[in-house]
Amino acid sequence: MSPETTSAVEEQPATADGSSLLRTVGPDDVFNLPLYEHHLVMDIRPSHEYSRGHMATAVSFPYPPLQTLEEERERLLIDFIHSYVKRYMRPENPSPVLLYGDNSPAARFHSEWLARRLERIQRERKAVSTYVPQTLSLEEPGFDYFEHFCLTIADSAKEIWILECSYEDFAAEYSFLCGHVDFMTMEPLPHRITKHIFLGSRVIPLTHAALCVRLGITHMIVSRHQPIDWGELRDISVLTCDVRDSNTQAMMECWTACVRFIGEIESNGRGGRVLVMLFGRSRSASVVLAHLVMSRGMSLDEAWGVLRGKCWHLIDKSLAYEDQLKEWERGTTLSYNYVHTLQLLCIILCTLN
């Protein structure tokens, strides 16, 4: 490896506040990203592998040989940006930028180099390189497409993601997002919160049998006041709660049943998955929050942190029964303290005997 190439990875550019934009993410994080909203997704595998199949909406920027010099990498990036802006102008949603490839050393090096170059665009808020050939200029009177792309990244990219697994590993879990996906056929998906829990919303059809099959959904939580085609759900185990889509709805009894229902799915060892579809996203979120507080021993703030880390779309606290959740948290804390006290008493009694 050349000294020039080595130094490119060892430098640690960062944002103005000193924090790095780079984040390594797993398959579930990418699944939760609404790819149909035109994020910048870069496939860095060889172009023939990209041609065989790739992640939905991804564009190809194949990695060069490991020993490639810095100037050549810069030129390739410039060529890529010019090619991208000719076709798309700029990403509509530039944050996060997603990079993925294979497990080869060259791919890993290229993704880290590229991520740091994108960091540099944001940090310096200017074009990526001094090597821009005049013959590649796309400038029109009063407008420079290349600069437009760079400034979009500089002003709007908050994170740069590197997928921790290979494309093949991602495709093994989420095959319907891979191959040659027609953008026009893409549709909103639920968010995967935990291994067993998916969070639904109003934009997802309540009885979407094909979606359930693709995601391996075996269970569902709904309200009996939602319109349901039970024929579509004949292979799904459904918990039906007697709650209405109202801010004044009492939720404690519903949450208790839901936590028990989810707990059985998580503990039976059959790999079940539950889709929480209690009206909209915010109503459904209350069920997930109640579960995380009760079953995982989290504070309500910690549970909100988990949910917001997985769900990119807005969850309205005012629609998630926030006051009742605080009461639920207090009751859960008292229950934990009571059980813990009983356990200590049992230990003491056993010791004395």
# chains A, B, ... in the order shown; residues from 1 in each chain; ligands from 1

call {"tool": "residues_around", "arguments": {"residues": "region 245-261 of chain A", "least_positions_apart": "2", "cutoff": "8 Å", "atoms": "only C-alpha atoms", "output": "list in words"}}
result
Ile221, Leu239, Cys241, Asp242, Val243, Gly263, Glu264, Ile265, Phe279, Arg283, Val287, Ala290, His291, Met294, Ser295, Ser318, Leu319, Tyr321, Gln324 and Trp328 of chain A

call {"tool": "write_last_selection", "arguments": {"atoms": "C-alpha atoms", "output": "PDB file, in the first residue's frame"}}
result
ATOM      1  CA  ILE A 221     -51.816  -6.132  17.399  1.00  0.00           C
ATOM      2  CA  LEU A 239     -54.478  -9.636  19.486  1.00  0.00           C
ATOM      3  CA  CYS A 241     -57.703  -4.545  21.743  1.00  0.00           C
ATOM      4  CA  ASP A 242     -60.923  -2.743  22.631  1.00  0.00           C
ATOM      5  CA  VAL A 243     -59.541   0.780  22.261  1.00  0.00           C
ATOM      6  CA  GLY A 263     -43.552 -11.423  25.871  1.00  0.00           C
ATOM      7  CA  GLU A 264     -44.920 -14.800  24.802  1.00  0.00           C
ATOM      8  CA  ILE A 265     -43.676 -14.233  21.249  1.00  0.00           C
ATOM      9  CA  PHE A 279     -54.268   2.932  14.332  1.00  0.00           C
ATOM     10  CA  ARG A 283     -50.715   5.210  18.873  1.00  0.00           C
ATOM     11  CA  VAL A 287     -47.543  -0.128  22.870  1.00  0.00           C
ATOM     12  CA  ALA A 290     -44.975   0.260  27.339  1.00  0.00           C
ATOM     13  CA  HIS A 291     -43.319  -3.032  26.405  1.00  0.00           C
ATOM     14  CA  MET A 294     -42.130  -3.173  31.456  1.00  0.00           C
ATOM     15  CA  SER A 295     -40.195  -6.034  29.864  1.00  0.00           C
ATOM     16  CA  SER A 318     -49.281  14.029  22.297  1.00  0.00           C
ATOM     17  CA  LEU A 319     -50.788  11.094  20.372  1.00  0.00           C
ATOM     18  CA  TYR A 321     -50.587   8.896  25.592  1.00  0.00           C
ATOM     19  CA  GLN A 324     -50.493   7.575  30.839  1.00  0.00           C
ATOM     20  CA  TRP A 328     -47.218   3.261  33.585  1.00  0.00           C
TER      21      TRP A 328
END

call {"tool": "residues_around", "arguments": {"residues": "region 296-307 of chain A", "least_positions_apart": "6", "cutoff": "9 Å", "atoms": "only C-alpha atoms", "output": "short mmCIF file (atom, residue, chain, number, x, y, z; two decimals) with C-alpha atoms, in the first residue's frame"}}
result
data_model
loop_
_atom_site.label_atom_id
_atom_site.label_comp_id
_atom_site.auth_asym_id
_atom_site.auth_seq_id
_atom_site.Cartn_x
_atom_site.Cartn_y
_atom_site.Cartn_z
CA ILE A 193 -37.74 -1.80 16.48
CA ALA A 285 -45.62 3.56 19.48
CA VAL A 288 -43.85 -0.51 22.04
CA LEU A 289 -42.87 2.02 24.71
CA ALA A 290 -44.97 0.26 27.34
CA LEU A 325 -47.04 6.27 29.90
CA LYS A 326 -45.51 8.24 32.78
CA GLU A 329 -43.51 3.91 34.23
CA THR A 332 -43.56 -0.48 36.69
CA THR A 333 -40.83 1.01 38.90
CA TYR A 336 -39.69 -3.78 40.19
#

call {"tool": "residues_around", "arguments": {"residues": "region 203-213 of chain A", "least_positions_apart": "4", "cutoff": "10 Å", "atoms": "only C-alpha atoms", "output": "number ranges by chain"}}
result
A: 176, 187-190, 217-220, 222, 226-236, 273-275, 277-281

call {"tool": "write_last_selection", "arguments": {"atoms": "N, CA and C atoms", "output": "CSV table (one decimal), in the first residue's frame"}}
result
chain,number,residue,atom,x,y,z
A,176,PHE,N,-36.3,-8.6,-0.7
A,176,PHE,CA,-37.2,-7.8,-1.5
A,176,PHE,C,-36.8,-6.4,-1.7
A,187,GLU,N,-42.9,0.9,-1.7
A,187,GLU,CA,-44.0,1.4,-0.9
A,187,GLU,C,-43.5,1.5,0.6
A,188,PRO,N,-44.1,2.3,1.4
A,188,PRO,CA,-43.7,2.4,2.8
A,188,PRO,C,-43.7,1.1,3.5
A,189,LEU,N,-42.8,0.9,4.4
A,189,LEU,CA,-42.6,-0.3,5.2
A,189,LEU,C,-42.7,0.1,6.7
A,190,PRO,N,-43.1,-0.9,7.5
A,190,PRO,CA,-43.1,-0.7,9.0
A,190,PRO,C,-41.6,-0.5,9.4
A,217,ILE,N,-43.9,-11.8,9.4
A,217,ILE,CA,-44.9,-11.4,10.4
A,217,ILE,C,-45.7,-12.6,10.8
A,218,THR,N,-45.8,-13.0,12.0
A,218,THR,CA,-46.6,-14.1,12.5
A,218,THR,C,-47.7,-13.6,13.4
A,219,HIS,N,-47.6,-12.4,14.0
A,219,HIS,CA,-48.6,-11.9,14.9
A,219,HIS,C,-48.8,-10.5,14.6
A,220,MET,N,-50.0,-10.0,15.1
A,220,MET,CA,-50.4,-8.6,14.9
A,220,MET,C,-51.2,-8.1,16.1
A,222,VAL,N,-54.0,-5.1,16.9
A,222,VAL,CA,-54.9,-4.1,16.2
A,222,VAL,C,-56.0,-3.8,17.2
A,226,GLN,N,-60.9,-0.9,14.1
A,226,GLN,CA,-60.3,-0.7,12.8
A,226,GLN,C,-60.9,-1.6,11.8
A,227,PRO,N,-61.1,-1.2,10.5
A,227,PRO,CA,-61.6,-2.0,9.5
A,227,PRO,C,-60.6,-3.1,9.1
A,228,ILE,N,-61.1,-4.4,9.3
A,228,ILE,CA,-60.1,-5.5,9.1
A,228,ILE,C,-60.8,-6.5,8.2
A,229,ASP,N,-60.0,-7.0,7.2
A,229,ASP,CA,-60.4,-8.1,6.4
A,229,ASP,C,-59.8,-9.4,7.0
A,230,TRP,N,-60.5,-10.0,7.8
A,230,TRP,CA,-60.0,-11.2,8.6
A,230,TRP,C,-59.5,-12.3,7.7
A,231,GLY,N,-60.1,-12.4,6.5
A,231,GLY,CA,-59.6,-13.4,5.5
A,231,GLY,C,-58.2,-13.2,5.2
A,232,GLU,N,-57.7,-12.0,5.1
A,232,GLU,CA,-56.3,-11.7,4.7
A,232,GLU,C,-55.4,-12.1,5.9
A,233,LEU,N,-56.0,-12.1,7.1
A,233,LEU,CA,-55.1,-12.4,8.3
A,233,LEU,C,-55.3,-13.8,8.8
A,234,ARG,N,-55.8,-14.7,8.0
A,234,ARG,CA,-56.2,-16.0,8.5
A,234,ARG,C,-54.9,-16.8,9.0
A,235,ASP,N,-53.7,-16.4,8.5
A,235,ASP,CA,-52.5,-17.1,8.9
A,235,ASP,C,-51.7,-16.4,10.0
A,236,ILE,N,-52.3,-15.3,10.5
A,236,ILE,CA,-51.7,-14.4,11.5
A,236,ILE,C,-52.4,-14.5,12.8
A,273,ARG,N,-42.7,-12.8,14.9
A,273,ARG,CA,-42.5,-11.4,14.7
A,273,ARG,C,-43.9,-10.7,14.8
A,274,VAL,N,-44.0,-9.6,15.5
A,274,VAL,CA,-45.3,-9.0,15.7
A,274,VAL,C,-45.3,-7.6,15.0
A,275,LEU,N,-46.4,-7.3,14.3
A,275,LEU,CA,-46.6,-6.0,13.7
A,275,LEU,C,-47.6,-5.3,14.6
A,277,MET,N,-50.1,-2.5,14.9
A,277,MET,CA,-50.8,-1.6,14.0
A,277,MET,C,-52.0,-1.1,14.6
A,278,LEU,N,-51.8,-0.4,15.8
A,278,LEU,CA,-52.9,0.2,16.6
A,278,LEU,C,-53.2,1.6,16.0
A,279,PHE,N,-54.0,1.7,15.0
A,279,PHE,CA,-54.3,2.9,14.3
A,279,PHE,C,-53.0,3.5,13.7
A,280,GLY,N,-52.5,4.7,14.1
A,280,GLY,CA,-51.4,5.3,13.4
A,280,GLY,C,-50.1,5.0,14.1
A,281,ARG,N,-49.0,5.6,13.6
A,281,ARG,CA,-47.6,5.3,14.2
A,281,ARG,C,-47.5,5.7,15.6

call {"tool": "closest_residue", "arguments": {"among": "A:Tyr145, A:Trp312, A:Tyr100, A:Phe109", "to": "His54 (chain A)", "atoms": "only C-alpha atoms"}}
result
A:Tyr100

call {"tool": "select_by_dssp", "arguments": {"residues": "region 103-224 of chain A", "states": "strand (DSSP E)", "output": "mmCIF file with C-alpha atoms, in the first residue's frame"}}
result
data_model
loop_
_atom_site.group_PDB
_atom_site.id
_atom_site.type_symbol
_atom_site.label_atom_id
_atom_site.label_comp_id
_atom_site.auth_asym_id
_atom_site.auth_seq_id
_atom_site.Cartn_x
_atom_site.Cartn_y
_atom_site.Cartn_z
ATOM 1 C CA ILE A 160 -22.502 8.942 6.706
ATOM 2 C CA TRP A 161 -23.396 5.281 7.175
ATOM 3 C CA ILE A 162 -21.198 2.315 6.350
ATOM 4 C CA LEU A 163 -23.087 -0.989 6.324
ATOM 5 C CA CYS A 178 -32.395 -6.145 -3.418
ATOM 6 C CA GLY A 179 -31.906 -7.278 -7.003
ATOM 7 C CA HIS A 191 -40.058 0.098 11.180
ATOM 8 C CA ARG A 192 -38.192 -2.758 12.828
ATOM 9 C CA ILE A 197 -41.302 -6.084 16.915
ATOM 10 C CA PHE A 198 -42.303 -4.027 13.858
ATOM 11 C CA LEU A 199 -44.011 -0.633 14.202
ATOM 12 C CA HIS A 219 -48.550 -11.917 14.943
ATOM 13 C CA MET A 220 -50.360 -8.585 14.882
ATOM 14 C CA ILE A 221 -51.816 -6.132 17.399
ATOM 15 C CA VAL A 222 -54.874 -4.143 16.236
ATOM 16 C CA SER A 223 -58.006 -2.483 17.571
#

call {"tool": "select_by_dssp", "arguments": {"residues": "region 128-324 of chain A", "states": "alpha helix (DSSP H)", "output": "PyMOL selection string"}}
result
chain A and resi 145-156+167-173+209-215+252-267+281-295+300-310+322-324

call {"tool": "atom_distance", "arguments": {"atom1": "CA of Phe61 (chain A)", "atom2": "CA of Tyr174 (chain A)"}}
result
21.9 Å

call {"tool": "residues_around", "arguments": {"residues": "region 57-59 of chain A", "least_positions_apart": "4", "cutoff": "6 Å", "atoms": "only C-alpha atoms", "output": "ChimeraX atom specification"}}
result
/A:41-43

call {"tool": "write_last_selection", "arguments": {"atoms": "N, CA and C atoms", "output": "PDB file, in the first residue's frame"}}
result
ATOM      1  N   VAL A  41     -27.465   6.417  -1.883  1.00  0.00           N
ATOM      2  CA  VAL A  41     -27.022   5.061  -1.538  1.00  0.00           C
ATOM      3  C   VAL A  41     -25.960   4.655  -2.565  1.00  0.00           C
ATOM      4  N   MET A  42     -24.754   4.376  -2.100  1.00  0.00           N
ATOM      5  CA  MET A  42     -23.621   4.115  -2.995  1.00  0.00           C
ATOM      6  C   MET A  42     -23.150   2.670  -2.848  1.00  0.00           C
ATOM      7  N   ASP A  43     -23.244   1.926  -3.935  1.00  0.00           N
ATOM      8  CA  ASP A  43     -22.784   0.540  -4.005  1.00  0.00           C
ATOM      9  C   ASP A  43     -21.345   0.563  -4.507  1.00  0.00           C
TER      10      ASP A  43
END

call {"tool": "residues_around", "arguments": {"residues": "Met55 (chain A)", "least_positions_apart": "3", "cutoff": "12 Å", "atoms": "only C-alpha atoms", "output": "PyMOL selection string"}}
result
chain A and resi 27+30-31+35-36+39-45+49-52+58-60+98-101+163+166-172+174-183

call {"tool": "write_last_selection", "arguments": {"atoms": "N, CA and C atoms", "output": "compact mmCIF listing (two decimals), in the first residue's frame"}}
result
# COMPACT_ATOMS: atom_id res chain seq x y z
N PRO A 27 -28.03 -4.21 9.21
CA PRO A 27 -29.11 -4.37 8.21
C PRO A 27 -30.43 -3.76 8.65
N VAL A 30 -30.65 -0.04 7.93
CA VAL A 30 -30.88 0.26 6.52
C VAL A 30 -32.32 -0.06 6.14
N PHE A 31 -32.87 -1.16 6.66
CA PHE A 31 -34.27 -1.49 6.41
C PHE A 31 -35.18 -0.35 6.87
N LEU A 35 -35.87 4.16 1.78
CA LEU A 35 -35.06 4.25 0.58
C LEU A 35 -35.80 4.93 -0.57
N TYR A 36 -37.12 4.79 -0.59
CA TYR A 36 -37.91 5.37 -1.68
C TYR A 36 -37.93 6.90 -1.62
N HIS A 39 -32.57 8.80 -0.95
CA HIS A 39 -31.31 8.99 -0.24
C HIS A 39 -30.16 8.68 -1.20
N LEU A 40 -28.96 9.14 -0.85
CA LEU A 40 -27.78 8.82 -1.63
C LEU A 40 -27.22 7.49 -1.12
N VAL A 41 -27.47 6.42 -1.88
CA VAL A 41 -27.02 5.06 -1.54
C VAL A 41 -25.96 4.66 -2.56
N MET A 42 -24.75 4.38 -2.10
CA MET A 42 -23.62 4.12 -3.00
C MET A 42 -23.15 2.67 -2.85
N ASP A 43 -23.24 1.93 -3.94
CA ASP A 43 -22.78 0.54 -4.00
C ASP A 43 -21.35 0.56 -4.51
N ILE A 44 -20.39 0.16 -3.65
CA ILE A 44 -18.98 0.28 -4.03
C ILE A 44 -18.40 -1.05 -4.53
N ARG A 45 -19.23 -2.05 -4.77
CA ARG A 45 -18.75 -3.31 -5.32
C ARG A 45 -18.36 -3.14 -6.79
N GLU A 49 -20.89 -6.83 -10.44
CA GLU A 49 -21.72 -7.32 -9.33
C GLU A 49 -22.94 -6.42 -9.15
N TYR A 50 -22.73 -5.13 -9.29
CA TYR A 50 -23.86 -4.20 -9.22
C TYR A 50 -24.88 -4.52 -10.31
N SER A 51 -24.41 -4.85 -11.49
CA SER A 51 -25.30 -5.16 -12.61
C SER A 51 -26.14 -6.40 -12.35
N ARG A 52 -25.58 -7.34 -11.59
CA ARG A 52 -26.33 -8.57 -11.28
C ARG A 52 -27.45 -8.31 -10.28
N ALA A 58 -29.86 2.24 -5.20
CA ALA A 58 -28.40 2.45 -5.10
C ALA A 58 -27.81 2.83 -6.46
N VAL A 59 -26.73 3.61 -6.40
CA VAL A 59 -25.95 3.95 -7.59
C VAL A 59 -24.56 3.34 -7.43
N SER A 60 -23.91 3.06 -8.53
CA SER A 60 -22.64 2.33 -8.52
C SER A 60 -21.44 3.29 -8.49
N LEU A 98 -25.46 6.53 2.50
CA LEU A 98 -25.24 5.11 2.82
C LEU A 98 -24.23 4.50 1.85
N LEU A 99 -23.21 3.83 2.39
CA LEU A 99 -22.20 3.13 1.60
C LEU A 99 -22.25 1.65 1.95
N TYR A 100 -22.20 0.79 0.94
CA TYR A 100 -22.14 -0.65 1.21
C TYR A 100 -21.35 -1.33 0.12
N GLY A 101 -20.82 -2.52 0.45
CA GLY A 101 -20.01 -3.26 -0.52
C GLY A 101 -19.89 -4.71 -0.17
N LEU A 163 -22.42 0.26 5.94
CA LEU A 163 -23.09 -0.99 6.32
C LEU A 163 -22.04 -1.99 6.80
N SER A 166 -21.90 -7.40 4.41
CA SER A 166 -21.82 -7.36 2.96
C SER A 166 -23.21 -7.21 2.35
N TYR A 167 -23.24 -6.87 1.08
CA TYR A 167 -24.51 -6.81 0.34
C TYR A 167 -25.21 -8.16 0.38
N GLU A 168 -24.46 -9.24 0.22
CA GLU A 168 -25.05 -10.59 0.22
C GLU A 168 -25.73 -10.88 1.56
N ASP A 169 -25.12 -10.47 2.66
CA ASP A 169 -25.73 -10.70 3.98
C ASP A 169 -27.00 -9.89 4.14
N PHE A 170 -26.97 -8.64 3.65
CA PHE A 170 -28.18 -7.82 3.72
C PHE A 170 -29.29 -8.43 2.88
N ALA A 171 -28.93 -8.88 1.67
CA ALA A 171 -29.93 -9.46 0.76
C ALA A 171 -30.52 -10.74 1.33
N ALA A 172 -29.75 -11.48 2.13
CA ALA A 172 -30.26 -12.70 2.73
C ALA A 172 -31.40 -12.41 3.71
N TYR A 174 -33.18 -9.22 3.73
CA TYR A 174 -34.19 -8.35 3.12
C TYR A 174 -34.10 -8.46 1.60
N SER A 175 -34.40 -9.63 1.09
CA SER A 175 -34.24 -9.89 -0.35
C SER A 175 -35.14 -9.01 -1.20
N PHE A 176 -36.30 -8.61 -0.69
CA PHE A 176 -37.24 -7.82 -1.47
C PHE A 176 -36.76 -6.38 -1.68
N LEU A 177 -35.69 -5.98 -0.98
CA LEU A 177 -35.09 -4.67 -1.20
C LEU A 177 -33.85 -4.75 -2.08
N CYS A 178 -33.61 -5.91 -2.65
CA CYS A 178 -32.39 -6.15 -3.42
C CYS A 178 -32.73 -6.75 -4.78
N GLY A 179 -31.72 -6.74 -5.66
CA GLY A 179 -31.91 -7.28 -7.00
C GLY A 179 -32.04 -6.15 -7.99
N HIS A 180 -33.17 -6.11 -8.69
CA HIS A 180 -33.47 -5.03 -9.63
C HIS A 180 -34.87 -4.51 -9.29
N VAL A 181 -34.94 -3.75 -8.22
CA VAL A 181 -36.21 -3.27 -7.70
C VAL A 181 -36.67 -2.05 -8.51
N ASP A 182 -37.88 -2.11 -9.00
CA ASP A 182 -38.47 -0.98 -9.72
C ASP A 182 -38.89 0.08 -8.69
N PHE A 183 -38.29 1.26 -8.79
CA PHE A 183 -38.58 2.32 -7.83
C PHE A 183 -40.07 2.61 -7.75

call {"tool": "residues_around", "arguments": {"residues": "Phe80 (chain A)", "least_positions_apart": "4", "cutoff": "12 Å", "atoms": "only C-alpha atoms", "output": "PyMOL selection string"}}
result
chain A and resi 42-44+59-63+73-76+84-88+114+128+136+146+149

call {"tool": "decode", "arguments": {"residues": "region 87-110 of chain A", "atoms": "N, CA and C atoms", "output": "mmCIF file, in the first residue's frame"}}
result
data_model
loop_
_atom_site.group_PDB
_atom_site.id
_atom_site.type_symbol
_atom_site.label_atom_id
_atom_site.label_comp_id
_atom_site.auth_asym_id
_atom_site.auth_seq_id
_atom_site.Cartn_x
_atom_site.Cartn_y
_atom_site.Cartn_z
ATOM 1 N N ARG A 87 -27.667 12.891 -14.024
ATOM 2 C CA ARG A 87 -28.875 12.067 -13.997
ATOM 3 C C ARG A 87 -29.887 12.516 -12.948
ATOM 4 N N TYR A 88 -29.372 12.895 -11.757
ATOM 5 C CA TYR A 88 -30.290 13.174 -10.644
ATOM 6 C C TYR A 88 -30.198 14.608 -10.114
ATOM 7 N N MET A 89 -29.197 15.344 -10.496
ATOM 8 C CA MET A 89 -28.872 16.680 -9.969
ATOM 9 C C MET A 89 -28.329 16.588 -8.543
ATOM 10 N N ARG A 90 -29.126 16.114 -7.613
ATOM 11 C CA ARG A 90 -28.670 15.982 -6.227
ATOM 12 C C ARG A 90 -29.594 15.015 -5.508
ATOM 13 N N PRO A 91 -29.150 14.414 -4.385
ATOM 14 C CA PRO A 91 -30.063 13.563 -3.602
ATOM 15 C C PRO A 91 -31.112 14.417 -2.902
ATOM 16 N N GLU A 92 -32.365 13.970 -2.954
ATOM 17 C CA GLU A 92 -33.431 14.720 -2.288
ATOM 18 C C GLU A 92 -33.289 14.649 -0.774
ATOM 19 N N ASN A 93 -32.787 13.511 -0.282
ATOM 20 C CA ASN A 93 -32.560 13.342 1.149
ATOM 21 C C ASN A 93 -31.095 12.956 1.365
ATOM 22 N N PRO A 94 -30.221 13.942 1.533
ATOM 23 C CA PRO A 94 -28.787 13.660 1.608
ATOM 24 C C PRO A 94 -28.295 13.157 2.952
ATOM 25 N N SER A 95 -29.180 12.955 3.896
ATOM 26 C CA SER A 95 -28.747 12.433 5.185
ATOM 27 C C SER A 95 -29.681 11.322 5.648
ATOM 28 N N PRO A 96 -29.116 10.150 5.970
ATOM 29 C CA PRO A 96 -27.694 9.836 5.866
ATOM 30 C C PRO A 96 -27.307 9.430 4.444
ATOM 31 N N VAL A 97 -26.017 9.551 4.144
ATOM 32 C CA VAL A 97 -25.443 8.926 2.955
ATOM 33 C C VAL A 97 -25.104 7.485 3.345
ATOM 34 N N LEU A 98 -25.463 6.527 2.505
ATOM 35 C CA LEU A 98 -25.241 5.108 2.819
ATOM 36 C C LEU A 98 -24.232 4.504 1.850
ATOM 37 N N LEU A 99 -23.206 3.833 2.393
ATOM 38 C CA LEU A 99 -22.203 3.127 1.604
ATOM 39 C C LEU A 99 -22.250 1.649 1.953
ATOM 40 N N TYR A 100 -22.200 0.793 0.941
ATOM 41 C CA TYR A 100 -22.141 -0.646 1.214
ATOM 42 C C TYR A 100 -21.348 -1.335 0.122
ATOM 43 N N GLY A 101 -20.819 -2.519 0.454
ATOM 44 C CA GLY A 101 -20.014 -3.257 -0.521
ATOM 45 C C GLY A 101 -19.886 -4.715 -0.169
ATOM 46 N N ASP A 102 -18.670 -5.238 -0.271
ATOM 47 C CA ASP A 102 -18.402 -6.619 0.125
ATOM 48 C C ASP A 102 -17.405 -6.594 1.278
ATOM 49 N N ASN A 103 -16.880 -7.734 1.634
ATOM 50 C CA ASN A 103 -16.001 -7.809 2.800
ATOM 51 C C ASN A 103 -14.520 -7.743 2.449
ATOM 52 N N SER A 104 -14.187 -7.361 1.222
ATOM 53 C CA SER A 104 -12.787 -7.330 0.813
ATOM 54 C C SER A 104 -12.064 -6.142 1.447
ATOM 55 N N PRO A 105 -10.737 -6.256 1.664
ATOM 56 C CA PRO A 105 -9.965 -5.126 2.194
ATOM 57 C C PRO A 105 -10.075 -3.889 1.308
ATOM 58 N N ALA A 106 -10.093 -4.081 -0.011
ATOM 59 C CA ALA A 106 -10.191 -2.940 -0.922
ATOM 60 C C ALA A 106 -11.517 -2.212 -0.759
ATOM 61 N N ALA A 107 -12.594 -2.975 -0.550
ATOM 62 C CA ALA A 107 -13.910 -2.360 -0.370
ATOM 63 C C ALA A 107 -13.960 -1.572 0.937
ATOM 64 N N ARG A 108 -13.413 -2.169 1.992
ATOM 65 C CA ARG A 108 -13.426 -1.480 3.285
ATOM 66 C C ARG A 108 -12.600 -0.203 3.221
ATOM 67 N N PHE A 109 -11.417 -0.300 2.602
ATOM 68 C CA PHE A 109 -10.572 0.883 2.468
ATOM 69 C C PHE A 109 -11.288 1.967 1.663
ATOM 70 N N HIS A 110 -11.898 1.570 0.549
ATOM 71 C CA HIS A 110 -12.571 2.532 -0.330
ATOM 72 C C HIS A 110 -13.743 3.202 0.389
#
